[in-house]
Amino acid sequence: MNRFTLVWRNLWRKPIRTVFTMLAVLVVFFLFTVLEGLRGALTLSDISDESQERLLTSHKLSLVMLLPVAYQSRIARLSGVEAVSHASWFAGRYQDNPEFAQYPVVAEEYLALNPEIRLSDAHRQAWLENRGGAIVGRPVATQYGWQVGDRVPIRSSIWTRANGSNVWEFEIEGIFDDIDGGVNAGVMLLHYDYFDEARAFSNGTVGWYVSKGDGSLPLEDLMAAIDAEFENSPTETKTNTEAAFAKEYAQQFGNIGLIVTLILTAVVFMILLVTGHTMAQSVRERIHEMGVLKTLGFTSGSIFRLTVLEGLLLVLPVGILAMALGWGGLAFLSGALGALFPAGLGIGTRSVLMGLALMLAISLGSVLPPVIRALRLDIIALLRTA
């Protein structure tokens with residue numbers, strides 16, 4: 001019998017206990033992977049470079065308060081501004097599905113400011129020629145099964161049409177990809193002129209302005225200049241980078257990172273108790289055998305290494321399997337909920353390394369205390385304990 005066989009047989013000394021401990025490890029690291037993926041998506045931890053350079057100007061008090069469309073020309077005249085456009089929140093849903101982002105925009109201006117949007121020339125031209133047309137991010141089109149040429153009804157919770165209906169129909173003229181998987185990946189873009197003429201109220205207003213500097217001024221100075229332009233006006237503004245605004249918006253739902261961290265801490269502490277109890281029982285049951293092994297010439301160091309290997313075998317293979325299953329679960333959710341998670345769901349290298357570190361911590365934390373206490377005893381004490 002080699003040493004690995006000895007470790008393996010000790011691990012399965014109590015099969016039911018081992019199986020339930022492994023199941024607990026499986027559940028913990030599956031949850032860890034899924035929660036890490038959701039945390040990354042909800043806290044927008046991966047923001048594109050373009051989003052960090054674009055500026056977003058909204059009403060000083062709240063995004064739901066609108067700005068005059070005339071502000072665009074005033075922003076465009078400011079020194080340091082290269083381009084400016086606008087967008088508004090449509091607040092629509094398709095059938096009984098949750099809301100996803102739809103923006104009425106000035107097509108050519110918005111596309112020029114968002115070069116990460118990849119749209120074929122044919123789809124682009126078709127959209128420009130159809131005032132009632134729309135283009136949509138691929139994750140949304142995939143989720144709802146939309147194809148180019150489909151006519152889809154969108155029910156808005158804010159905007160009613162001049163005829164009193166809140167159902168708007170748009171023809172899908174193109175499906176685009178966001179190469180950065182950023183803020184536009186799950187968006188449906190509509191024509192602002194069509195929207196503004198057809199809505200029943202607040203004509204001539206927009207939700208926010210998107211602008212880009214020409215590099216002659218630092219972003220902080222340009223943001224201050226934009227807000228200074230409208231200071232003391234009836235509708236004052238607040239300007240920030242698009243990336244910072246997106247993160248602030250996500251934080252409206254709470255500190256997702258802190259919530260997930262607290263949940264994971266509680267779960268990991270629980271599994272540490274479970275595996276620690278399992279290994280403590282296993283070591284206590286084998287104290288007499290440790291005395292026999294020492295009598296046969298095994299050193300305390302070799303017995304220590306065998307026990308540590310047993311703890312690693314109890315946690316590491318199952319934990320890695322659980323993370324692989326969690327990764328598959330995130331891929332499934334990403335496909336099924338493309339409109340809610342347009343950038344996809346997944347975990348990065350940092351999360352993988354954190355998971356492996358937690359596995360090692362649980363393995364060693366559950367093994368070291370009982371085995372160190374046992375090996376402090378001499379051979380006679382070990383043999384006497386049975």
# chains A, B, ... in the order shown; residues from 1 in each chain; ligands from 1
call {"tool": "residues_around", "arguments": {"residues": "Tyr110 (chain A)", "least_positions_apart": "2", "cutoff": "10 Å", "atoms": "only C-alpha atoms", "output": "count of residues only"}}
result
18
call {"tool": "closest_atom_pairs", "arguments": {"of": "region 75-123 of chain A", "to": "region 132-137 of chain A", "cutoff": "9 Å", "atoms": "only C-alpha atoms", "output": "tab-separated table"}}
result
residue	atom	partner	partner_atom	distance
A:Gln102	CA	A:Val136	CA	8.7
A:Ile117	CA	A:Gly137	CA	8.7
A:Leu119	CA	A:Ile135	CA	8.8
A:His123	CA	A:Ile135	CA	8.2
call {"tool": "write_last_selection", "arguments": {"atoms": "all heavy atoms", "output": "PDB file, in the first residue's frame"}}
result
ATOM      1  N   GLN A 102     -34.087  51.219 -23.680  1.00  0.00           N
ATOM      2  CA  GLN A 102     -34.353  51.745 -25.019  1.00  0.00           C
ATOM      3  C   GLN A 102     -34.075  53.251 -24.979  1.00  0.00           C
ATOM      4  O   GLN A 102     -34.552  53.934 -24.070  1.00  0.00           O
ATOM      5  CB  GLN A 102     -35.799  51.511 -25.460  1.00  0.00           C
ATOM      6  CG  GLN A 102     -36.271  50.068 -25.375  1.00  0.00           C
ATOM      7  CD  GLN A 102     -37.051  49.788 -24.111  1.00  0.00           C
ATOM      8  OE1 GLN A 102     -37.513  50.696 -23.441  1.00  0.00           O
ATOM      9  NE2 GLN A 102     -37.180  48.516 -23.774  1.00  0.00           N
ATOM     10  N   ILE A 117     -20.029  50.493 -31.016  1.00  0.00           N
ATOM     11  CA  ILE A 117     -21.192  49.864 -31.631  1.00  0.00           C
ATOM     12  C   ILE A 117     -20.827  49.444 -33.048  1.00  0.00           C
ATOM     13  O   ILE A 117     -20.449  50.267 -33.877  1.00  0.00           O
ATOM     14  CB  ILE A 117     -22.392  50.829 -31.657  1.00  0.00           C
ATOM     15  CG1 ILE A 117     -22.894  51.100 -30.235  1.00  0.00           C
ATOM     16  CG2 ILE A 117     -23.523  50.263 -32.514  1.00  0.00           C
ATOM     17  CD1 ILE A 117     -24.036  52.088 -30.157  1.00  0.00           C
ATOM     18  N   LEU A 119     -22.200  48.003 -36.407  1.00  0.00           N
ATOM     19  CA  LEU A 119     -23.422  47.826 -37.181  1.00  0.00           C
ATOM     20  C   LEU A 119     -23.044  47.803 -38.651  1.00  0.00           C
ATOM     21  O   LEU A 119     -22.280  48.654 -39.114  1.00  0.00           O
ATOM     22  CB  LEU A 119     -24.380  48.987 -36.884  1.00  0.00           C
ATOM     23  CG  LEU A 119     -25.737  49.001 -37.576  1.00  0.00           C
ATOM     24  CD1 LEU A 119     -26.611  47.862 -37.060  1.00  0.00           C
ATOM     25  CD2 LEU A 119     -26.431  50.343 -37.343  1.00  0.00           C
ATOM     26  N   HIS A 123     -27.433  47.642 -42.535  1.00  0.00           N
ATOM     27  CA  HIS A 123     -28.367  47.854 -41.417  1.00  0.00           C
ATOM     28  C   HIS A 123     -28.382  49.320 -41.004  1.00  0.00           C
ATOM     29  O   HIS A 123     -29.443  49.867 -40.660  1.00  0.00           O
ATOM     30  CB  HIS A 123     -27.964  46.976 -40.237  1.00  0.00           C
ATOM     31  CG  HIS A 123     -28.222  45.527 -40.462  1.00  0.00           C
ATOM     32  ND1 HIS A 123     -27.856  44.551 -39.555  1.00  0.00           N
ATOM     33  CD2 HIS A 123     -28.817  44.883 -41.500  1.00  0.00           C
ATOM     34  CE1 HIS A 123     -28.212  43.367 -40.011  1.00  0.00           C
ATOM     35  NE2 HIS A 123     -28.790  43.540 -41.191  1.00  0.00           N
TER      36      HIS A 123
END
call {"tool": "atom_distance", "arguments": {"atom1": "CA of Lys14 (chain A)", "atom2": "CA of Thr278 (chain A)"}}
result
9.8 Å
call {"tool": "atom_distance", "arguments": {"atom1": "CA of Thr18 (chain A)", "atom2": "CA of Trp327 (chain A)"}}
result
24.7 Å
call {"tool": "residues_around", "arguments": {"residues": "Gly348 (chain A)", "least_positions_apart": "3", "cutoff": "9 Å", "atoms": "only C-alpha atoms", "output": "list of chain:residue names"}}
result
A:Gly37, A:Gly40, A:Ser351, A:Val352, A:Leu353
call {"tool": "write_last_selection", "arguments": {"atoms": "C-alpha atoms", "output": "PDB file, in the first residue's frame"}}
result
ATOM      1  CA  GLY A  37     -20.455  36.706 -11.574  1.00  0.00           C
ATOM      2  CA  GLY A  40     -19.240  41.821 -11.318  1.00  0.00           C
ATOM      3  CA  SER A 351     -12.296  35.608  -8.797  1.00  0.00           C
ATOM      4  CA  VAL A 352     -10.821  32.248  -9.851  1.00  0.00           C
ATOM      5  CA  LEU A 353      -7.703  32.876  -7.768  1.00  0.00           C
TER       6      LEU A 353
END
call {"tool": "closest_residue", "arguments": {"among": "A:Val206, A:Leu273, A:Val267, A:Ala225", "to": "Tyr103 (chain A)", "atoms": "only C-alpha atoms"}}
result
A:Val206
call {"tool": "select_by_dssp", "arguments": {"residues": "region 22-266 of chain A", "states": "strand (DSSP E)", "output": "VMD selection string"}}
result
chain A and resid 54 to 59 67 to 68 81 to 87 92 to 93 102 to 105 117 to 118 133 to 137 151 to 156 167 to 178 188 to 191 205 to 206 208 to 213 237 to 241
call {"tool": "select_by_dssp", "arguments": {"residues": "region 67-314 of chain A", "states": "helix (DSSP H, G or I)", "output": "ChimeraX atom specification"}}
result
/A:71-76,107-113,121-129,138-144,192-198,219-229,242-253,256-285,287-295,300-314
call {"tool": "closest_residue", "arguments": {"among": "A:Met359, A:Ser165, A:Leu190, A:Leu67", "to": "Lys238 (chain A)", "atoms": "only C-alpha atoms"}}
result
A:Leu67
call {"tool": "closest_residue", "arguments": {"among": "A:Gly319, A:Gly329, A:Gly213, A:Gly311", "to": "Ser366 (chain A)", "atoms": "only C-alpha atoms"}}
result
A:Gly311
call {"tool": "atom_distance", "arguments": {"atom1": "CA of Ser79 (chain A)", "atom2": "CA of Leu55 (chain A)"}}
result
14.5 Å
call {"tool": "residues_around", "arguments": {"residues": "Leu312 (chain A)", "least_positions_apart": "5", "cutoff": "10 Å", "atoms": "only C-alpha atoms", "output": "PyMOL selection string"}}
result
chain A and resi 306-307+317-318+359-364+366-367
call {"tool": "write_last_selection", "arguments": {"atoms": "N, CA, C and O atoms", "output": "PDB file, in the first residue's frame"}}
result
ATOM      1  N   LEU A 306       0.526  13.681   5.230  1.00  0.00           N
ATOM      2  CA  LEU A 306      -0.548  12.781   4.812  1.00  0.00           C
ATOM      3  C   LEU A 306      -1.918  13.341   5.197  1.00  0.00           C
ATOM      4  O   LEU A 306      -2.876  13.283   4.417  1.00  0.00           O
ATOM      5  N   THR A 307      -2.004  13.908   6.389  1.00  0.00           N
ATOM      6  CA  THR A 307      -3.282  14.451   6.854  1.00  0.00           C
ATOM      7  C   THR A 307      -3.659  15.708   6.086  1.00  0.00           C
ATOM      8  O   THR A 307      -4.827  15.920   5.749  1.00  0.00           O
ATOM      9  N   PRO A 317     -10.767  19.105  -5.237  1.00  0.00           N
ATOM     10  CA  PRO A 317     -11.424  18.599  -6.463  1.00  0.00           C
ATOM     11  C   PRO A 317     -12.896  18.986  -6.538  1.00  0.00           C
ATOM     12  O   PRO A 317     -13.390  19.377  -7.607  1.00  0.00           O
ATOM     13  N   VAL A 318     -13.582  18.908  -5.397  1.00  0.00           N
ATOM     14  CA  VAL A 318     -15.002  19.249  -5.393  1.00  0.00           C
ATOM     15  C   VAL A 318     -15.192  20.748  -5.620  1.00  0.00           C
ATOM     16  O   VAL A 318     -16.099  21.178  -6.333  1.00  0.00           O
ATOM     17  N   MET A 359     -10.413  27.708  -1.101  1.00  0.00           N
ATOM     18  CA  MET A 359     -10.335  26.248  -0.972  1.00  0.00           C
ATOM     19  C   MET A 359      -9.142  25.843  -0.109  1.00  0.00           C
ATOM     20  O   MET A 359      -9.248  24.976   0.765  1.00  0.00           O
ATOM     21  N   LEU A 360      -7.992  26.463  -0.394  1.00  0.00           N
ATOM     22  CA  LEU A 360      -6.796  26.143   0.401  1.00  0.00           C
ATOM     23  C   LEU A 360      -6.993  26.544   1.859  1.00  0.00           C
ATOM     24  O   LEU A 360      -6.600  25.807   2.775  1.00  0.00           O
ATOM     25  N   ALA A 361      -7.608  27.722   2.072  1.00  0.00           N
ATOM     26  CA  ALA A 361      -7.822  28.187   3.442  1.00  0.00           C
ATOM     27  C   ALA A 361      -8.744  27.245   4.197  1.00  0.00           C
ATOM     28  O   ALA A 361      -8.507  26.925   5.373  1.00  0.00           O
ATOM     29  N   ILE A 362      -9.803  26.784   3.549  1.00  0.00           N
ATOM     30  CA  ILE A 362     -10.736  25.861   4.198  1.00  0.00           C
ATOM     31  C   ILE A 362     -10.061  24.523   4.470  1.00  0.00           C
ATOM     32  O   ILE A 362     -10.201  23.936   5.546  1.00  0.00           O
ATOM     33  N   SER A 363      -9.297  24.028   3.471  1.00  0.00           N
ATOM     34  CA  SER A 363      -8.597  22.742   3.656  1.00  0.00           C
ATOM     35  C   SER A 363      -7.637  22.806   4.827  1.00  0.00           C
ATOM     36  O   SER A 363      -7.680  21.970   5.739  1.00  0.00           O
ATOM     37  N   LEU A 364      -6.757  23.811   4.810  1.00  0.00           N
ATOM     38  CA  LEU A 364      -5.739  23.906   5.855  1.00  0.00           C
ATOM     39  C   LEU A 364      -6.347  24.312   7.194  1.00  0.00           C
ATOM     40  O   LEU A 364      -5.933  23.825   8.250  1.00  0.00           O
ATOM     41  N   SER A 366      -9.208  23.555   8.366  1.00  0.00           N
ATOM     42  CA  SER A 366      -9.920  22.441   8.998  1.00  0.00           C
ATOM     43  C   SER A 366      -8.988  21.325   9.454  1.00  0.00           C
ATOM     44  O   SER A 366      -9.304  20.574  10.370  1.00  0.00           O
ATOM     45  N   VAL A 367      -7.808  21.236   8.825  1.00  0.00           N
ATOM     46  CA  VAL A 367      -6.880  20.133   9.129  1.00  0.00           C
ATOM     47  C   VAL A 367      -5.870  20.497  10.210  1.00  0.00           C
ATOM     48  O   VAL A 367      -5.591  19.704  11.120  1.00  0.00           O
TER      49      VAL A 367
END
call {"tool": "closest_residue", "arguments": {"among": "A:Trp168, A:Tyr194, A:Tyr209, A:Phe304", "to": "Ala91 (chain A)", "atoms": "only C-alpha atoms"}}
result
A:Trp168
call {"tool": "residues_around", "arguments": {"residues": "Leu321 (chain A)", "least_positions_apart": "6", "cutoff": "10 Å", "atoms": "only C-alpha atoms", "output": "ChimeraX atom specification"}}
result
/A:25-26,29-30,327
call {"tool": "write_last_selection", "arguments": {"atoms": "N, CA, C and O atoms", "output": "PDB file, in the first residue's frame"}}
result
ATOM      1  N   VAL A  25     -19.329  21.474   0.325  1.00  0.00           N
ATOM      2  CA  VAL A  25     -18.290  22.214  -0.413  1.00  0.00           C
ATOM      3  C   VAL A  25     -18.781  22.551  -1.820  1.00  0.00           C
ATOM      4  O   VAL A  25     -18.568  23.669  -2.322  1.00  0.00           O
ATOM      5  N   LEU A  26     -19.446  21.599  -2.464  1.00  0.00           N
ATOM      6  CA  LEU A  26     -19.964  21.800  -3.814  1.00  0.00           C
ATOM      7  C   LEU A  26     -20.945  22.972  -3.854  1.00  0.00           C
ATOM      8  O   LEU A  26     -20.861  23.862  -4.714  1.00  0.00           O
ATOM      9  N   PHE A  29     -19.104  26.547  -3.222  1.00  0.00           N
ATOM     10  CA  PHE A  29     -18.312  27.119  -4.302  1.00  0.00           C
ATOM     11  C   PHE A  29     -19.117  27.319  -5.583  1.00  0.00           C
ATOM     12  O   PHE A  29     -18.749  28.134  -6.429  1.00  0.00           O
ATOM     13  N   PHE A  30     -20.224  26.602  -5.728  1.00  0.00           N
ATOM     14  CA  PHE A  30     -21.157  26.922  -6.821  1.00  0.00           C
ATOM     15  C   PHE A  30     -21.772  28.296  -6.560  1.00  0.00           C
ATOM     16  O   PHE A  30     -21.821  29.145  -7.457  1.00  0.00           O
ATOM     17  N   TRP A 327     -19.699  28.313 -13.461  1.00  0.00           N
ATOM     18  CA  TRP A 327     -19.389  28.994 -14.716  1.00  0.00           C
ATOM     19  C   TRP A 327     -20.434  28.637 -15.775  1.00  0.00           C
ATOM     20  O   TRP A 327     -20.913  29.489 -16.522  1.00  0.00           O
TER      21      TRP A 327
END
call {"tool": "decode", "arguments": {"residues": "region 74-120 of chain A", "atoms": "N, CA and C atoms", "output": "PDB file, in the first residue's frame"}}
result
ATOM      1  N   ARG A  74     -25.691  74.748 -26.896  1.00  0.00           N
ATOM      2  CA  ARG A  74     -24.888  75.500 -25.933  1.00  0.00           C
ATOM      3  C   ARG A  74     -23.686  74.676 -25.468  1.00  0.00           C
ATOM      4  N   ILE A  75     -23.865  73.384 -25.294  1.00  0.00           N
ATOM      5  CA  ILE A  75     -22.738  72.515 -24.921  1.00  0.00           C
ATOM      6  C   ILE A  75     -21.749  72.436 -26.081  1.00  0.00           C
ATOM      7  N   ALA A  76     -22.265  72.336 -27.298  1.00  0.00           N
ATOM      8  CA  ALA A  76     -21.396  72.195 -28.474  1.00  0.00           C
ATOM      9  C   ALA A  76     -20.508  73.419 -28.665  1.00  0.00           C
ATOM     10  N   ARG A  77     -20.977  74.598 -28.218  1.00  0.00           N
ATOM     11  CA  ARG A  77     -20.187  75.818 -28.394  1.00  0.00           C
ATOM     12  C   ARG A  77     -19.062  75.965 -27.388  1.00  0.00           C
ATOM     13  N   LEU A  78     -19.083  75.175 -26.331  1.00  0.00           N
ATOM     14  CA  LEU A  78     -18.074  75.306 -25.276  1.00  0.00           C
ATOM     15  C   LEU A  78     -16.700  74.886 -25.780  1.00  0.00           C
ATOM     16  N   SER A  79     -15.694  75.592 -25.311  1.00  0.00           N
ATOM     17  CA  SER A  79     -14.318  75.251 -25.661  1.00  0.00           C
ATOM     18  C   SER A  79     -13.960  73.881 -25.079  1.00  0.00           C
ATOM     19  N   GLY A  80     -13.348  73.043 -25.891  1.00  0.00           N
ATOM     20  CA  GLY A  80     -12.924  71.721 -25.433  1.00  0.00           C
ATOM     21  C   GLY A  80     -13.893  70.615 -25.779  1.00  0.00           C
ATOM     22  N   VAL A  81     -15.085  70.935 -26.306  1.00  0.00           N
ATOM     23  CA  VAL A  81     -16.071  69.917 -26.675  1.00  0.00           C
ATOM     24  C   VAL A  81     -15.909  69.556 -28.146  1.00  0.00           C
ATOM     25  N   GLU A  82     -15.716  68.274 -28.407  1.00  0.00           N
ATOM     26  CA  GLU A  82     -15.560  67.809 -29.793  1.00  0.00           C
ATOM     27  C   GLU A  82     -16.895  67.449 -30.419  1.00  0.00           C
ATOM     28  N   ALA A  83     -17.747  66.756 -29.665  1.00  0.00           N
ATOM     29  CA  ALA A  83     -19.036  66.310 -30.199  1.00  0.00           C
ATOM     30  C   ALA A  83     -20.012  66.153 -29.042  1.00  0.00           C
ATOM     31  N   VAL A  84     -21.304  66.288 -29.350  1.00  0.00           N
ATOM     32  CA  VAL A  84     -22.332  66.146 -28.318  1.00  0.00           C
ATOM     33  C   VAL A  84     -23.607  65.608 -28.968  1.00  0.00           C
ATOM     34  N   SER A  85     -24.296  64.768 -28.248  1.00  0.00           N
ATOM     35  CA  SER A  85     -25.586  64.248 -28.680  1.00  0.00           C
ATOM     36  C   SER A  85     -26.446  64.050 -27.440  1.00  0.00           C
ATOM     37  N   HIS A  86     -27.580  63.413 -27.580  1.00  0.00           N
ATOM     38  CA  HIS A  86     -28.439  63.214 -26.416  1.00  0.00           C
ATOM     39  C   HIS A  86     -29.169  61.877 -26.517  1.00  0.00           C
ATOM     40  N   ALA A  87     -29.759  61.477 -25.415  1.00  0.00           N
ATOM     41  CA  ALA A  87     -30.566  60.260 -25.350  1.00  0.00           C
ATOM     42  C   ALA A  87     -31.606  60.453 -24.258  1.00  0.00           C
ATOM     43  N   SER A  88     -32.595  59.584 -24.244  1.00  0.00           N
ATOM     44  CA  SER A  88     -33.650  59.644 -23.232  1.00  0.00           C
ATOM     45  C   SER A  88     -34.019  58.231 -22.827  1.00  0.00           C
ATOM     46  N   TRP A  89     -34.598  58.121 -21.643  1.00  0.00           N
ATOM     47  CA  TRP A  89     -35.009  56.805 -21.136  1.00  0.00           C
ATOM     48  C   TRP A  89     -36.435  56.535 -21.582  1.00  0.00           C
ATOM     49  N   PHE A  90     -36.649  55.442 -22.322  1.00  0.00           N
ATOM     50  CA  PHE A  90     -37.963  55.128 -22.866  1.00  0.00           C
ATOM     51  C   PHE A  90     -38.808  54.291 -21.906  1.00  0.00           C
ATOM     52  N   ALA A  91     -38.140  53.486 -21.078  1.00  0.00           N
ATOM     53  CA  ALA A  91     -38.827  52.675 -20.049  1.00  0.00           C
ATOM     54  C   ALA A  91     -39.875  51.755 -20.657  1.00  0.00           C
ATOM     55  N   GLY A  92     -39.442  50.876 -21.559  1.00  0.00           N
ATOM     56  CA  GLY A  92     -40.383  49.965 -22.201  1.00  0.00           C
ATOM     57  C   GLY A  92     -40.077  48.511 -21.907  1.00  0.00           C
ATOM     58  N   ARG A  93     -41.083  47.701 -22.128  1.00  0.00           N
ATOM     59  CA  ARG A  93     -40.923  46.253 -21.961  1.00  0.00           C
ATOM     60  C   ARG A  93     -41.572  45.539 -23.141  1.00  0.00           C
ATOM     61  N   TYR A  94     -41.040  44.386 -23.460  1.00  0.00           N
ATOM     62  CA  TYR A  94     -41.573  43.565 -24.541  1.00  0.00           C
ATOM     63  C   TYR A  94     -42.408  42.454 -23.927  1.00  0.00           C
ATOM     64  N   GLN A  95     -43.690  42.433 -24.265  1.00  0.00           N
ATOM     65  CA  GLN A  95     -44.642  41.472 -23.706  1.00  0.00           C
ATOM     66  C   GLN A  95     -44.609  41.554 -22.184  1.00  0.00           C
ATOM     67  N   ASP A  96     -44.444  40.426 -21.512  1.00  0.00           N
ATOM     68  CA  ASP A  96     -44.453  40.441 -20.042  1.00  0.00           C
ATOM     69  C   ASP A  96     -43.052  40.347 -19.456  1.00  0.00           C
ATOM     70  N   ASN A  97     -42.053  40.632 -20.267  1.00  0.00           N
ATOM     71  CA  ASN A  97     -40.671  40.549 -19.805  1.00  0.00           C
ATOM     72  C   ASN A  97     -40.292  41.805 -19.029  1.00  0.00           C
ATOM     73  N   PRO A  98     -39.205  41.738 -18.226  1.00  0.00           N
ATOM     74  CA  PRO A  98     -38.749  42.933 -17.489  1.00  0.00           C
ATOM     75  C   PRO A  98     -38.316  44.040 -18.451  1.00  0.00           C
ATOM     76  N   GLU A  99     -38.295  45.256 -17.937  1.00  0.00           N
ATOM     77  CA  GLU A  99     -37.832  46.383 -18.734  1.00  0.00           C
ATOM     78  C   GLU A  99     -36.366  46.210 -19.110  1.00  0.00           C
ATOM     79  N   PHE A 100     -36.014  46.696 -20.289  1.00  0.00           N
ATOM     80  CA  PHE A 100     -34.612  46.806 -20.667  1.00  0.00           C
ATOM     81  C   PHE A 100     -34.423  48.171 -21.296  1.00  0.00           C
ATOM     82  N   ALA A 101     -33.208  48.549 -21.611  1.00  0.00           N
ATOM     83  CA  ALA A 101     -32.905  49.915 -22.022  1.00  0.00           C
ATOM     84  C   ALA A 101     -33.288  50.176 -23.475  1.00  0.00           C
ATOM     85  N   GLN A 102     -34.087  51.219 -23.680  1.00  0.00           N
ATOM     86  CA  GLN A 102     -34.353  51.745 -25.019  1.00  0.00           C
ATOM     87  C   GLN A 102     -34.075  53.251 -24.979  1.00  0.00           C
ATOM     88  N   TYR A 103     -33.310  53.737 -25.953  1.00  0.00           N
ATOM     89  CA  TYR A 103     -32.955  55.148 -25.990  1.00  0.00           C
ATOM     90  C   TYR A 103     -33.398  55.780 -27.311  1.00  0.00           C
ATOM     91  N   PRO A 104     -34.266  56.779 -27.298  1.00  0.00           N
ATOM     92  CA  PRO A 104     -34.464  57.603 -28.496  1.00  0.00           C
ATOM     93  C   PRO A 104     -33.240  58.510 -28.677  1.00  0.00           C
ATOM     94  N   VAL A 105     -32.622  58.445 -29.846  1.00  0.00           N
ATOM     95  CA  VAL A 105     -31.381  59.191 -30.087  1.00  0.00           C
ATOM     96  C   VAL A 105     -31.403  59.797 -31.488  1.00  0.00           C
ATOM     97  N   VAL A 106     -30.489  60.736 -31.715  1.00  0.00           N
ATOM     98  CA  VAL A 106     -30.213  61.211 -33.076  1.00  0.00           C
ATOM     99  C   VAL A 106     -29.192  60.245 -33.661  1.00  0.00           C
ATOM    100  N   ALA A 107     -29.603  59.454 -34.612  1.00  0.00           N
ATOM    101  CA  ALA A 107     -28.868  58.257 -35.024  1.00  0.00           C
ATOM    102  C   ALA A 107     -27.401  58.504 -35.344  1.00  0.00           C
ATOM    103  N   GLU A 108     -27.118  59.368 -36.306  1.00  0.00           N
ATOM    104  CA  GLU A 108     -25.733  59.533 -36.750  1.00  0.00           C
ATOM    105  C   GLU A 108     -24.856  60.130 -35.658  1.00  0.00           C
ATOM    106  N   GLU A 109     -25.408  61.067 -34.885  1.00  0.00           N
ATOM    107  CA  GLU A 109     -24.634  61.661 -33.792  1.00  0.00           C
ATOM    108  C   GLU A 109     -24.285  60.618 -32.733  1.00  0.00           C
ATOM    109  N   TYR A 110     -25.259  59.807 -32.363  1.00  0.00           N
ATOM    110  CA  TYR A 110     -25.040  58.831 -31.304  1.00  0.00           C
ATOM    111  C   TYR A 110     -24.047  57.752 -31.738  1.00  0.00           C
ATOM    112  N   LEU A 111     -24.178  57.282 -32.963  1.00  0.00           N
ATOM    113  CA  LEU A 111     -23.254  56.260 -33.462  1.00  0.00           C
ATOM    114  C   LEU A 111     -21.837  56.801 -33.538  1.00  0.00           C
ATOM    115  N   ALA A 112     -21.689  58.082 -33.912  1.00  0.00           N
ATOM    116  CA  ALA A 112     -20.360  58.676 -33.984  1.00  0.00           C
ATOM    117  C   ALA A 112     -19.715  58.769 -32.605  1.00  0.00           C
ATOM    118  N   LEU A 113     -20.518  59.010 -31.578  1.00  0.00           N
ATOM    119  CA  LEU A 113     -19.987  59.116 -30.218  1.00  0.00           C
ATOM    120  C   LEU A 113     -19.764  57.753 -29.569  1.00  0.00           C
ATOM    121  N   ASN A 114     -20.287  56.693 -30.172  1.00  0.00           N
ATOM    122  CA  ASN A 114     -20.172  55.343 -29.603  1.00  0.00           C
ATOM    123  C   ASN A 114     -19.555  54.402 -30.633  1.00  0.00           C
ATOM    124  N   PRO A 115     -18.275  54.576 -30.929  1.00  0.00           N
ATOM    125  CA  PRO A 115     -17.639  53.766 -31.975  1.00  0.00           C
ATOM    126  C   PRO A 115     -17.571  52.280 -31.644  1.00  0.00           C
ATOM    127  N   GLU A 116     -17.808  51.909 -30.380  1.00  0.00           N
ATOM    128  CA  GLU A 116     -17.786  50.491 -30.031  1.00  0.00           C
ATOM    129  C   GLU A 116     -19.003  49.739 -30.565  1.00  0.00           C
ATOM    130  N   ILE A 117     -20.029  50.493 -31.016  1.00  0.00           N
ATOM    131  CA  ILE A 117     -21.192  49.864 -31.631  1.00  0.00           C
ATOM    132  C   ILE A 117     -20.827  49.444 -33.048  1.00  0.00           C
ATOM    133  N   ARG A 118     -20.916  48.142 -33.318  1.00  0.00           N
ATOM    134  CA  ARG A 118     -20.581  47.615 -34.643  1.00  0.00           C
ATOM    135  C   ARG A 118     -21.881  47.236 -35.369  1.00  0.00           C
ATOM    136  N   LEU A 119     -22.200  48.003 -36.407  1.00  0.00           N
ATOM    137  CA  LEU A 119     -23.422  47.826 -37.181  1.00  0.00           C
ATOM    138  C   LEU A 119     -23.044  47.803 -38.651  1.00  0.00           C
ATOM    139  N   SER A 120     -23.571  46.830 -39.378  1.00  0.00           N
ATOM    140  CA  SER A 120     -23.213  46.738 -40.805  1.00  0.00           C
ATOM    141  C   SER A 120     -23.731  47.963 -41.551  1.00  0.00           C
TER     142      SER A 120
END
